[in-house]
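Pasted below: model-v1.cif, mmCIF, C-alpha atoms.
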```
data_upload
loop_
_atom_site.label_atom_id
_atom_site.label_comp_id
_atom_site.auth_asym_id
_atom_site.auth_seq_id
_atom_site.Cartn_x
_atom_site.Cartn_y
_atom_site.Cartn_z
CA MET A 1 -32.45 -28.57 -18.45
CA THR A 2 -33.56 -27.82 -14.89
CA ALA A 3 -31.08 -25.90 -12.75
CA THR A 4 -29.86 -27.59 -9.57
CA TRP A 5 -30.00 -25.20 -6.64
CA VAL A 6 -27.62 -25.66 -3.74
CA ASP A 7 -28.46 -24.39 -0.25
CA ALA A 8 -25.74 -21.88 0.66
CA CYS A 9 -26.91 -20.43 3.98
CA ASP A 10 -29.72 -18.69 5.83
CA VAL A 11 -30.36 -15.24 4.38
CA ASN A 12 -29.85 -13.78 7.86
CA ASP A 13 -26.34 -15.23 7.96
CA VAL A 14 -25.35 -12.46 5.55
CA ASP A 15 -25.87 -8.87 6.69
CA PRO A 16 -27.20 -6.37 4.15
CA GLU A 17 -24.25 -5.00 2.10
CA ASP A 18 -22.06 -7.91 3.06
CA VAL A 19 -20.56 -11.15 1.80
CA ARG A 20 -20.14 -14.67 3.16
CA ARG A 21 -17.99 -17.61 2.17
CA PHE A 22 -19.72 -20.78 1.02
CA ASP A 23 -17.88 -24.03 0.27
CA HIS A 24 -19.37 -26.83 -1.80
CA GLY A 25 -17.97 -29.79 -3.72
CA GLY A 26 -14.38 -28.92 -2.90
CA ARG A 27 -14.74 -25.38 -4.24
CA THR A 28 -15.24 -22.05 -2.55
CA TYR A 29 -17.82 -19.42 -3.44
CA ALA A 30 -18.97 -16.04 -2.14
CA VAL A 31 -22.62 -15.10 -1.62
CA TYR A 32 -23.60 -11.44 -1.41
CA ARG A 33 -26.60 -9.59 -0.05
CA THR A 34 -27.16 -6.01 -1.18
CA ALA A 35 -28.73 -3.17 0.80
CA GLU A 36 -31.88 -3.82 -1.29
CA ASP A 37 -31.91 -7.48 -0.14
CA GLU A 38 -30.94 -8.87 -3.54
CA VAL A 39 -28.59 -11.86 -3.45
CA PHE A 40 -25.74 -12.78 -5.78
CA ALA A 41 -23.03 -15.43 -5.95
CA THR A 42 -19.55 -15.58 -7.46
CA ASP A 43 -16.43 -17.68 -7.23
CA GLY A 44 -14.97 -17.20 -3.76
CA LEU A 45 -11.39 -16.38 -4.67
CA CYS A 46 -10.06 -13.18 -6.17
CA THR A 47 -8.82 -13.73 -9.73
CA HIS A 48 -5.69 -11.72 -8.93
CA GLU A 49 -4.04 -13.76 -6.18
CA LYS A 50 -6.65 -16.24 -4.92
CA THR A 51 -7.56 -14.42 -1.70
CA HIS A 52 -10.97 -15.24 -0.18
CA LEU A 53 -13.30 -12.41 -1.15
CA ALA A 54 -15.47 -13.08 1.91
CA GLY A 55 -13.06 -10.96 3.98
CA GLY A 56 -13.59 -8.00 1.67
CA LEU A 57 -15.78 -4.92 1.57
CA VAL A 58 -19.16 -4.81 -0.18
CA MET A 59 -20.11 -1.36 -1.37
CA ASP A 60 -22.72 -0.37 -3.96
CA GLY A 61 -22.57 -3.61 -5.95
CA ILE A 62 -18.79 -3.86 -5.71
CA ILE A 63 -16.74 -6.40 -3.78
CA GLU A 64 -13.26 -5.26 -2.90
CA CYS A 65 -10.64 -7.94 -2.24
CA PRO A 66 -9.24 -7.74 1.31
CA LYS A 67 -5.63 -8.29 0.23
CA HIS A 68 -4.92 -5.92 -2.66
CA ASN A 69 -8.17 -4.00 -3.01
CA GLY A 70 -8.96 -5.47 -6.42
CA ARG A 71 -12.55 -4.48 -7.25
CA PHE A 72 -15.26 -6.51 -8.97
CA ASP A 73 -18.92 -5.86 -9.78
CA PHE A 74 -20.33 -8.97 -8.11
CA ARG A 75 -23.58 -8.67 -10.07
CA THR A 76 -21.78 -9.21 -13.38
CA GLY A 77 -18.36 -10.46 -12.25
CA LYS A 78 -16.63 -7.65 -14.13
CA ALA A 79 -13.13 -6.72 -12.90
CA MET A 80 -13.09 -2.96 -12.27
CA GLY A 81 -9.37 -2.27 -12.63
CA ALA A 82 -5.83 -3.18 -11.51
CA PRO A 83 -4.84 -5.33 -9.81
CA ALA A 84 -8.07 -7.16 -10.67
CA CYS A 85 -7.82 -7.78 -14.42
CA ILE A 86 -9.72 -11.07 -14.92
CA ASP A 87 -13.49 -11.18 -14.41
CA LEU A 88 -15.06 -13.28 -11.66
CA LYS A 89 -17.37 -16.16 -12.55
CA THR A 90 -20.92 -15.49 -11.35
CA TYR A 91 -23.73 -17.92 -10.47
CA PRO A 92 -27.50 -17.44 -10.31
CA ALA A 93 -28.72 -16.98 -6.72
CA LYS A 94 -32.15 -16.59 -5.13
CA VAL A 95 -33.89 -16.61 -1.74
CA GLU A 96 -36.46 -19.31 -0.97
CA ASN A 97 -38.01 -19.90 2.43
CA GLY A 98 -35.38 -17.71 4.04
CA ARG A 99 -32.46 -19.64 2.51
CA ILE A 100 -29.99 -18.41 -0.12
CA LEU A 101 -29.83 -20.90 -2.98
CA VAL A 102 -27.11 -20.90 -5.63
CA SER A 103 -27.14 -22.65 -8.98
CA LEU A 104 -23.67 -24.05 -9.57
CA ASP A 105 -24.43 -25.75 -12.92
CA MET B 1 28.08 -17.94 9.67
CA SER B 2 26.67 -14.98 7.80
CA THR B 3 25.19 -15.38 4.36
CA ARG B 4 24.47 -12.66 1.85
CA ARG B 5 20.88 -12.74 0.60
CA ASP B 6 19.89 -12.15 -3.02
CA TYR B 7 17.23 -9.43 -2.98
CA SER B 8 16.81 -9.43 -6.75
CA LEU B 9 13.38 -10.60 -7.89
CA VAL B 10 15.01 -12.82 -10.50
CA GLY B 11 17.59 -14.44 -8.26
CA LEU B 12 18.09 -17.56 -6.18
CA ASP B 13 16.32 -16.34 -3.04
CA GLY B 14 13.18 -15.63 -5.04
CA GLU B 15 13.21 -19.19 -6.39
CA ARG B 16 13.87 -20.51 -2.88
CA ALA B 17 10.94 -18.51 -1.48
CA GLN B 18 8.62 -20.04 -4.06
CA ARG B 19 9.90 -23.55 -3.36
CA ASN B 20 9.46 -23.05 0.39
CA GLY B 21 5.89 -21.81 0.09
CA LEU B 22 6.70 -18.25 1.17
CA ALA B 23 5.37 -16.69 -2.04
CA GLY B 24 1.68 -15.84 -2.05
CA ALA B 25 1.28 -17.61 1.29
CA GLN B 26 -1.42 -17.36 3.95
CA TRP B 27 -0.54 -14.75 6.60
CA TYR B 28 -1.48 -14.55 10.24
CA ALA B 29 -4.43 -12.25 10.96
CA CYS B 30 -5.62 -11.18 14.38
CA GLN B 31 -9.16 -12.23 15.19
CA ALA B 32 -11.70 -9.44 15.01
CA PRO B 33 -15.49 -9.73 14.69
CA ARG B 34 -16.68 -9.37 11.09
CA ARG B 35 -19.06 -6.57 12.04
CA THR B 36 -16.25 -4.60 13.69
CA LEU B 37 -14.03 -5.01 10.64
CA LYS B 38 -16.86 -4.13 8.30
CA GLU B 39 -17.51 -0.95 10.25
CA LEU B 40 -13.82 -0.03 10.20
CA MET B 41 -13.55 -0.70 6.45
CA GLN B 42 -16.39 1.71 5.59
CA ARG B 43 -15.42 4.45 3.14
CA THR B 44 -16.13 8.12 3.48
CA ASP B 45 -14.88 11.15 1.57
CA GLY B 46 -14.93 13.65 4.43
CA PRO B 47 -11.59 13.12 6.22
CA ALA B 48 -9.56 12.81 3.01
CA ILE B 49 -11.22 15.87 1.39
CA ARG B 50 -10.47 17.90 4.53
CA ASP B 51 -6.87 16.67 4.69
CA THR B 52 -6.29 17.13 0.95
CA LEU B 53 -7.63 20.69 0.95
CA LEU B 54 -5.38 21.45 3.93
CA TRP B 55 -2.43 19.80 2.17
CA PHE B 56 -2.93 21.72 -1.08
CA GLY B 57 -3.61 24.92 0.88
CA LEU B 58 -0.36 24.61 2.82
CA LEU B 59 1.52 23.72 -0.36
CA GLY B 60 0.15 26.85 -2.04
CA LEU B 61 0.90 29.08 0.95
CA SER B 62 4.48 27.85 1.46
CA ARG B 63 5.11 28.05 -2.29
CA THR B 64 3.85 31.64 -2.47
CA LEU B 65 5.87 32.72 0.57
CA GLY B 66 8.92 30.92 -0.84
CA CYS B 67 8.62 32.79 -4.13
CA LEU B 68 8.04 36.14 -2.42
CA THR B 69 11.10 35.70 -0.21
CA TRP B 70 13.28 34.09 -2.88
CA GLY B 71 16.85 35.37 -2.64
CA THR B 72 16.63 35.95 1.12
CA TRP B 73 17.21 33.62 4.07
CA LEU B 74 13.48 33.75 4.78
CA ALA B 75 12.97 31.51 1.75
CA VAL B 76 14.73 28.63 3.53
CA PRO B 77 11.98 27.80 6.06
CA CYS B 78 9.33 28.37 3.39
CA PHE B 79 10.93 25.86 1.04
CA LEU B 80 11.60 23.50 3.94
CA VAL B 81 7.86 23.37 4.61
CA TYR B 82 7.02 23.21 0.90
CA GLY B 83 9.57 20.45 0.36
CA VAL B 84 8.23 18.31 3.22
CA LEU B 85 4.65 18.72 2.01
CA TYR B 86 5.71 17.92 -1.57
CA GLY B 87 8.39 15.26 -1.13
CA SER B 88 7.27 13.59 2.12
CA ALA B 89 3.50 14.04 2.55
CA SER B 90 3.08 12.71 -1.00
CA ASP B 91 4.40 9.34 0.22
CA SER B 92 1.37 8.62 2.38
CA ARG B 93 -1.07 10.15 -0.16
CA TRP B 94 0.35 7.96 -2.90
CA HIS B 95 0.07 4.98 -0.61
CA GLU B 96 -3.46 5.43 0.74
CA CYS B 97 -4.97 6.48 -2.60
CA GLY B 98 -3.17 3.58 -4.30
CA HIS B 99 -5.01 1.24 -1.97
CA GLY B 100 -8.19 3.10 -2.92
CA THR B 101 -9.15 3.56 0.71
CA ALA B 102 -8.55 7.26 1.39
CA PHE B 103 -11.69 8.48 -0.35
CA LYS B 104 -14.99 6.75 -0.96
CA THR B 105 -15.22 8.30 -4.43
CA HIS B 106 -13.10 6.29 -6.83
CA TRP B 107 -12.00 9.17 -9.09
CA MET B 108 -10.77 11.16 -6.11
CA ASN B 109 -8.46 8.30 -5.11
CA GLN B 110 -7.25 8.08 -8.69
CA ALA B 111 -6.66 11.83 -9.06
CA VAL B 112 -4.72 12.26 -5.80
CA TYR B 113 -2.82 9.04 -6.55
CA GLN B 114 -1.56 10.42 -9.86
CA ILE B 115 -0.60 13.79 -8.38
CA ALA B 116 1.16 12.26 -5.35
CA CYS B 117 2.99 9.73 -7.55
CA PHE B 118 4.44 12.55 -9.60
CA MET B 119 5.46 14.46 -6.50
CA ILE B 120 7.31 11.50 -4.97
CA LEU B 121 8.57 10.35 -8.37
CA ARG B 122 6.97 6.94 -8.35
CA GLU B 123 5.54 5.79 -11.64
CA PRO B 124 1.89 5.07 -10.88
CA THR B 125 1.45 1.79 -12.76
CA VAL B 126 4.79 0.34 -11.71
CA TRP B 127 4.21 1.19 -8.07
CA ARG B 128 0.62 -0.02 -8.03
CA TRP B 129 1.87 -3.50 -8.95
CA SER B 130 5.02 -3.27 -6.88
CA HIS B 131 2.97 -2.41 -3.82
CA ALA B 132 0.54 -5.27 -4.47
CA ARG B 133 3.54 -7.62 -4.39
CA HIS B 134 4.82 -5.90 -1.22
CA HIS B 135 1.51 -6.80 0.43
CA THR B 136 1.53 -10.36 -0.92
CA ASP B 137 5.09 -11.14 0.13
CA THR B 138 6.04 -8.54 2.73
CA LEU B 139 9.79 -8.73 3.42
CA VAL B 140 10.11 -12.08 1.67
CA VAL B 141 13.58 -11.91 0.14
CA GLY B 142 13.59 -12.26 -3.63
CA ARG B 143 9.85 -11.52 -3.82
CA ASP B 144 9.21 -8.13 -2.20
CA PRO B 145 10.40 -5.25 -4.43
CA GLU B 146 9.99 -2.72 -1.60
CA ILE B 147 12.50 -3.88 1.01
CA ASN B 148 14.11 -0.53 1.70
CA VAL B 149 16.88 -1.78 4.01
CA GLN B 150 18.57 -4.88 2.67
CA ARG B 151 21.08 -6.86 4.73
CA PRO B 152 23.83 -6.01 5.24
CA PRO B 153 22.68 -2.38 5.26
CA SER B 154 24.66 0.21 3.30
CA VAL B 155 25.13 3.33 5.41
CA PHE B 156 25.94 5.34 2.29
CA LYS B 157 22.74 4.29 0.50
CA LEU B 158 20.66 4.96 3.60
CA LEU B 159 22.10 8.44 4.08
CA VAL B 160 21.88 9.56 0.45
CA ASN B 161 18.32 8.32 0.28
CA PHE B 162 17.26 10.81 2.95
CA PHE B 163 17.35 13.14 -0.06
CA ALA B 164 15.95 10.51 -2.46
CA LEU B 165 19.26 10.44 -4.32
CA LYS B 166 19.31 6.65 -4.71
CA SER B 167 15.62 6.03 -5.34
CA GLY B 168 15.28 9.20 -7.46
CA ALA B 169 18.29 8.40 -9.63
CA GLU B 170 17.02 4.84 -10.16
CA THR B 171 13.59 6.12 -11.16
CA ILE B 172 14.95 8.70 -13.58
CA GLY B 173 17.04 5.98 -15.22
CA LYS B 174 13.97 3.75 -15.52
CA LEU B 175 11.91 6.58 -17.04
CA PHE B 176 14.15 6.46 -20.10
CA VAL B 177 13.74 2.67 -20.32
CA HIS B 178 9.96 2.84 -19.86
CA ALA B 179 9.55 5.74 -22.28
CA VAL B 180 10.71 3.53 -25.16
CA GLY B 181 8.21 0.85 -24.20
CA ARG B 182 10.49 -1.48 -22.27
CA VAL B 183 10.38 -2.74 -18.68
CA THR B 184 13.13 -4.29 -16.60
CA ALA B 185 13.50 -8.04 -15.98
CA GLU B 186 12.45 -7.56 -12.35
CA GLU B 187 9.36 -5.56 -13.30
CA VAL B 188 8.27 -8.35 -15.63
CA THR B 189 7.89 -10.57 -12.54
CA PHE B 190 5.15 -8.43 -10.99
CA ILE B 191 3.58 -6.30 -13.75
CA PRO B 192 1.24 -7.89 -16.32
CA GLU B 193 2.27 -7.37 -19.93
CA THR B 194 -1.02 -5.60 -20.63
CA GLU B 195 0.04 -2.66 -18.44
CA GLY B 196 3.06 -1.79 -20.61
CA TRP B 197 1.36 0.98 -22.60
CA LYS B 198 0.36 2.85 -19.44
CA ILE B 199 3.93 2.73 -18.14
CA ALA B 200 5.30 4.11 -21.41
CA ILE B 201 2.81 6.98 -21.57
CA VAL B 202 3.44 8.10 -17.98
CA ALA B 203 7.23 7.89 -18.42
CA ARG B 204 6.99 10.13 -21.50
CA VAL B 205 4.75 12.61 -19.66
CA TYR B 206 7.13 12.75 -16.67
CA LEU B 207 10.14 13.28 -18.95
CA ALA B 208 8.28 15.99 -20.87
CA ILE B 209 7.42 17.82 -17.65
CA PHE B 210 11.01 17.65 -16.37
CA THR B 211 12.31 18.85 -19.75
CA GLY B 212 9.85 21.73 -19.56
CA VAL B 213 10.99 22.66 -16.05
CA ILE B 214 14.65 22.63 -17.13
CA ALA B 215 13.81 24.82 -20.14
CA TRP B 216 11.87 27.18 -17.84
CA CYS B 217 14.90 27.45 -15.51
CA ILE B 218 17.21 28.26 -18.44
CA TRP B 219 14.78 30.81 -19.84
CA ALA B 220 14.30 32.44 -16.41
CA GLY B 221 18.00 32.23 -15.54
CA SER B 222 16.98 30.85 -12.14
CA ILE B 223 16.63 27.53 -10.34
CA LEU B 224 13.35 28.71 -8.82
CA PRO B 225 11.05 26.76 -11.22
CA ALA B 226 12.86 23.53 -10.30
CA MET B 227 12.56 24.39 -6.62
CA LEU B 228 8.79 24.32 -7.17
CA ILE B 229 8.52 21.28 -9.47
CA GLY B 230 10.96 18.38 -9.42
CA LEU B 231 13.60 19.23 -6.83
CA PRO B 232 11.21 19.12 -3.82
CA THR B 233 11.02 15.35 -4.42
CA PHE B 234 14.64 15.31 -3.30
CA TYR B 235 15.13 18.13 -0.80
CA GLY B 236 11.81 17.34 0.89
CA ALA B 237 12.16 13.55 1.08
CA PHE B 238 13.91 13.29 4.43
CA LEU B 239 10.80 13.14 6.62
CA ALA B 240 9.21 10.36 4.53
CA VAL B 241 12.43 8.36 4.78
CA PHE B 242 12.61 9.03 8.52
CA PHE B 243 9.08 7.65 8.86
CA SER B 244 9.47 4.75 6.45
CA LEU B 245 12.52 3.34 8.23
CA THR B 246 10.28 2.67 11.23
CA GLN B 247 8.01 0.42 9.14
CA HIS B 248 10.15 -2.70 8.72
CA ALA B 249 13.87 -1.92 9.19
CA GLY B 250 15.78 -4.44 11.28
CA LEU B 251 12.82 -6.81 11.63
CA ALA B 252 12.45 -10.43 10.52
CA GLU B 253 12.52 -11.46 6.87
CA ASP B 254 10.71 -14.48 5.43
CA VAL B 255 8.04 -14.73 8.13
CA LEU B 256 4.30 -14.94 7.49
CA ASP B 257 3.22 -12.69 10.35
CA HIS B 258 3.11 -8.92 10.05
CA ARG B 259 3.47 -8.61 13.81
CA LEU B 260 7.03 -9.84 13.37
CA ASN B 261 8.10 -7.78 10.35
CA SER B 262 6.25 -4.48 10.80
CA ARG B 263 6.06 -1.79 13.47
CA THR B 264 3.29 0.30 14.92
CA VAL B 265 4.74 3.53 16.27
CA TYR B 266 2.76 6.21 18.07
CA MET B 267 3.29 9.63 16.49
CA ASN B 268 2.21 13.18 17.24
CA PRO B 269 -0.75 14.72 15.33
CA MET B 270 1.50 16.73 12.99
CA PHE B 271 3.49 13.66 11.96
CA ARG B 272 0.26 11.72 11.57
CA PHE B 273 -1.11 14.41 9.25
CA VAL B 274 2.00 14.19 7.07
CA TYR B 275 2.07 10.41 7.32
CA TRP B 276 -1.69 9.77 7.17
CA ASN B 277 -1.54 7.23 10.01
CA MET B 278 0.84 4.90 8.19
CA ASN B 279 2.55 4.63 11.56
CA TYR B 280 -0.11 1.98 12.35
CA HIS B 281 1.79 -0.29 10.03
CA VAL B 282 1.07 -3.71 11.52
CA GLU B 283 -2.65 -2.93 11.35
CA HIS B 284 -2.38 -1.62 7.79
CA HIS B 285 -0.61 -4.72 6.52
CA MET B 286 -2.97 -7.10 8.29
CA PHE B 287 -6.15 -5.34 7.11
CA PRO B 288 -5.28 -3.16 4.07
CA LEU B 289 -8.95 -2.31 3.38
CA VAL B 290 -9.20 -0.17 6.51
CA PRO B 291 -8.84 3.53 5.58
CA TYR B 292 -6.10 5.61 7.22
CA HIS B 293 -8.58 7.53 9.36
CA ALA B 294 -9.89 4.29 10.95
CA LEU B 295 -6.47 2.79 11.73
CA PRO B 296 -6.33 4.11 15.33
CA LYS B 297 -9.65 2.34 16.03
CA LEU B 298 -8.38 -0.85 14.37
CA HIS B 299 -5.28 -0.60 16.54
CA GLU B 300 -7.48 -0.54 19.65
CA ALA B 301 -9.49 -3.50 18.37
CA ILE B 302 -6.52 -5.84 17.83
CA LYS B 303 -3.73 -4.49 20.04
CA ALA B 304 -4.16 -7.26 22.63
CA ASP B 305 -2.92 -9.70 19.98
CA CYS B 306 -0.05 -7.51 18.76
CA PRO B 307 3.41 -6.74 20.09
CA PRO B 308 3.54 -3.58 22.23
CA PRO B 309 3.58 -0.46 20.01
CA TYR B 310 6.52 1.92 20.13
CA ARG B 311 5.77 5.06 22.15
CA GLY B 312 7.42 7.31 19.62
CA CYS B 313 9.95 7.58 16.79
CA LEU B 314 12.73 7.91 19.34
CA GLU B 315 11.89 4.55 20.88
CA ALA B 316 11.69 2.96 17.43
CA TYR B 317 15.04 4.41 16.36
CA ARG B 318 16.66 3.29 19.63
CA GLU B 319 15.91 -0.21 18.37
CA VAL B 320 16.44 0.30 14.62
CA LEU B 321 19.84 1.99 14.61
CA PRO B 322 21.74 -0.54 16.80
CA ALA B 323 20.10 -3.38 14.86
CA LEU B 324 21.21 -1.95 11.51
CA ALA B 325 24.70 -1.34 12.89
CA ARG B 326 24.88 -4.97 13.99
CA GLN B 327 23.52 -6.21 10.65
CA ILE B 328 26.48 -4.58 8.90
CA ARG B 329 28.71 -7.12 10.71
CA ASP B 330 26.11 -9.87 11.03
CA PRO B 331 23.48 -9.89 8.24
CA ASN B 332 21.64 -12.75 9.97
CA HIS B 333 20.77 -10.57 12.95
CA PHE B 334 17.21 -9.26 13.27
CA ILE B 335 14.92 -7.94 15.98
CA ARG B 336 12.56 -10.51 17.47
CA ARG B 337 9.21 -9.02 18.36
CA PRO B 338 7.14 -10.58 21.17
CA THR B 339 3.72 -11.85 20.10
CA PRO B 340 0.87 -12.60 22.52
CA THR B 341 -0.17 -15.60 20.44
CA ALA B 342 2.12 -17.96 18.60
CA THR B 343 2.80 -17.53 14.91
CA PRO B 344 1.54 -20.50 12.91
CA THR B 345 4.33 -22.29 11.07
#
```

Spit out the file's structure as structure tokens when you get a sec.
Amino acid sequence: MTATWVDACDVNDVDPEDVRRFDHGGRTYAVYRTAEDEVFATDGLCTHEKTHLAGGLVMDGIIECPKHNGRFDFRTGKAMGAPACIDLKTYPAKVENGRILVSLD
Amino acid sequence: MSTRRDYSLVGLDGERAQRNGLAGAQWYACQAPRRTLKELMQRTDGPAIRDTLLWFGLLGLSRTLGCLTWGTWLAVPCFLVYGVLYGSASDSRWHECGHGTAFKTHWMNQAVYQIACFMILREPTVWRWSHARHHTDTLVVGRDPEINVQRPPSVFKLLVNFFALKSGAETIGKLFVHAVGRVTAEEVTFIPETEGWKIAIVARVYLAIFTGVIAWCIWAGSILPAMLIGLPTFYGAFLAVFFSLTQHAGLAEDVLDHRLNSRTVYMNPMFRFVYWNMNYHVEHHMFPLVPYHALPKLHEAIKADCPPPYRGCLEAYREVLPALARQIRDPNHFIRRPTPTATPT
């Protein structure tokens, strides 16, 4: 089956080592750009108390929730400790023609 | 007509808060450019390593001088300093390291968090979750486990707690409950079941340490060991309580705007060292990812959209004390803070 890629934003809309919110189909996601210009995508809400992760801090492959500092590895979705106990869902992401594309299948 | 609120986390006000959408709600946040916030949120180890070395150094020095002068009046100022560093400075260290913002290096936050929790007698797992709820539902009655002045205020409880006699006695009682693998009905509402084993282990370790200190005192025929470990939580607590009453006391409950239920109070450099800038409390609650050393800059960035800060503890207490006195007669009374922009309803 061929993956369907959804246009999330321009790659320059996300600073290196930062995160941006992306809404699609009534759901909210977060797209990340690392210092090495790799891009990743996860669900947009923290699994602890549904805060938008886009207000958080990106640091060395980790997204920290802006409300309670729950930490996740956004490359794998793994929750890194209390109060984040449930892993984040991740989605394939890539850059094409300067746009960040996310596969939400 | 005055009504008595139910501050229990398993009572009617908690249910009411959930029904009214006050639990886990969206809070007002001042507008600040993303790049500014990102810069302010950046982690670094330097300031916290410097402050922690200074803290441990002063603890060691005051402890040594206290032991050397034990039995003379000179020991009193030594133990006063030691007690404040142990029983009051640990409050802010517990807090900042619990948020994971003090240091960049994760294990350093964890290590200082565990040490400071022991010093202030706050069980690390319980308080990690309790504080998460405090940030979710700040001063929402029946939801926030950390409302330190409930209406109507009890003068007796407030006064005895300057020496941690209420909070300390409650914690010691809970240690025995936790040590046998149980948690209270209120704790069940904010701590996941999977954390139970950590709570039990820490409670047993704390009880073992306190038993060891008591045995050491009996063996030495002196209270000196307890003056070094355990008792400073109580005799050194007064400054932390003095600071913490400025955070929320007398302000509005059940509002979704930290500008209305928290205070920012300017403090002198010595107080700010002990308190690790927690005096910028509106800013901390609104943007908890900003480390303590960046809070003054955050204050500058958003102060135009905040109520005027208090120019010192004296100014804050001039407002707090009459408000608490009035709340004894009228529990519905609270201080209304002016906000430059309206609070969304």

### Task
Pull out every residue of chain A sitting within 12 Å of chain B, counting only C-alpha atoms, and send them as an NGL selection string.
:A and (13-20 or 48-60 or 62-71 or 80-86)

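Once the PyMOL selection byres ((chain A and resi 75) around 9) is applied to the shown structure, the selection contains Val39, Phe40, Ala41, Thr42, Gly61, Ile62, Phe72, Asp73, Phe74, Thr76, Gly77, Lys78 and Thr90 of chain A.
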
### Task
For Glu96 in chain A, please output as number ranges by chain all residues within 12 Å (counting all atoms listed in the file; exclusion window: fewer than 6 positions along the same chain).
A: 5-11, 39, 102

### Message
Quick one: residues within 8 Å of range 240-246 of chain B, all atoms listed in the file, excluding same-chain residues fewer than 3 positions away - as a list in words?
### Response
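Close residues of range 240-246 of chain B: Gly87, Ser88, Ala89, Asp91, Asn148, Val149, Asn161, Phe162, Ala237, Ala249, Arg263, Val265, Tyr275, Asn279, Cys313, Ala316, Tyr317 and Val320 of chain B.
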
### Task
Work out how far CA of Asp137 in chain B is from CA of Pro296 in chain B, in Å to one decimal.
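Pair CA of Pro296 in chain B / CA of Asp137 in chain B returns 24.4 Å.
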
### Task
Write out as a list in words which residues come within 9 Å of Gln327 in chain B when counting only C-alpha atoms, dropping same-chain ones fewer than 4 positions away.
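Contacts, with the query itself left out: Arg151, Pro152, Pro153, Gly250, Pro322, Ala323, Pro331, Asn332, His333 and Phe334 of chain B.
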
### Query
Could you spell out the hits of the PyMOL selection byres ((chain B and resi 96) around 9) on the shown file, as a list in words?
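Applying the expression gives Asp91, Ser92, Arg93, Trp94, His95, Cys97, Gly98, His99, Gly100, Thr101, Ala102, Phe103, Asn109, Tyr113, Trp276, Met278, Pro291 and Tyr292 of chain B.
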
### Message
Once the PyMOL selection byres ((chain B and resi 63-72) around 12) has been evaluated on this model, what residues remain selected, and can you format them as a PyMOL selection string?
### Response
chain B and resi 56-62+73-86+222-229+232

### Query
Could you state the separation of CA of Ala79 in chain A and CA of Leu256 in chain B in Å, given to one decimal place?
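A separation of 28.1 Å between them.
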
### Message
Just to confirm, what's the straight-line distance from CA of Ser167 in chain B to CA of Ile147 in chain B in Å (one decimal)?
### Response
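One can read the CA of Ser167 in chain B to CA of Ile147 in chain B distance as 12.2 Å.
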
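Checking B:Ala325, B:Ala203, B:Arg336, B:Leu295 one by one against Val155 in chain B, counting only C-alpha atoms, you find the shortest gap at B:Ala325.
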
Please, can range 257-268 of chain B be completed to N, CA and C atoms and returned as a short mmCIF file (atom, residue, chain, number, x, y, z; two decimals), in the coordinates of the input?
```
data_model
loop_
_atom_site.label_atom_id
_atom_site.label_comp_id
_atom_site.auth_asym_id
_atom_site.auth_seq_id
_atom_site.Cartn_x
_atom_site.Cartn_y
_atom_site.Cartn_z
N ASP B 257 3.94 -13.33 9.26
CA ASP B 257 3.22 -12.69 10.35
C ASP B 257 3.67 -11.23 10.41
N HIS B 258 2.74 -10.34 10.08
CA HIS B 258 3.11 -8.92 10.05
C HIS B 258 3.47 -8.37 11.42
N ARG B 259 3.10 -9.07 12.47
CA ARG B 259 3.47 -8.61 13.81
C ARG B 259 4.98 -8.74 14.02
N LEU B 260 5.60 -9.61 13.21
CA LEU B 260 7.03 -9.84 13.37
C LEU B 260 7.88 -9.01 12.42
N ASN B 261 7.27 -8.51 11.32
CA ASN B 261 8.10 -7.78 10.35
C ASN B 261 7.65 -6.33 10.12
N SER B 262 6.73 -5.86 10.95
CA SER B 262 6.25 -4.48 10.80
C SER B 262 6.13 -3.85 12.19
N ARG B 263 6.16 -2.51 12.19
CA ARG B 263 6.06 -1.79 13.47
C ARG B 263 4.85 -0.87 13.49
N THR B 264 4.24 -0.77 14.66
CA THR B 264 3.29 0.30 14.92
C THR B 264 3.95 1.26 15.90
N VAL B 265 4.03 2.51 15.49
CA VAL B 265 4.74 3.53 16.27
C VAL B 265 3.78 4.69 16.53
N TYR B 266 3.60 5.05 17.79
CA TYR B 266 2.76 6.21 18.07
C TYR B 266 3.47 7.48 17.61
N MET B 267 2.71 8.37 16.98
CA MET B 267 3.29 9.63 16.49
C MET B 267 2.39 10.80 16.87
N ASN B 268 2.99 12.00 16.88
CA ASN B 268 2.21 13.18 17.24
C ASN B 268 1.27 13.57 16.09
#
```
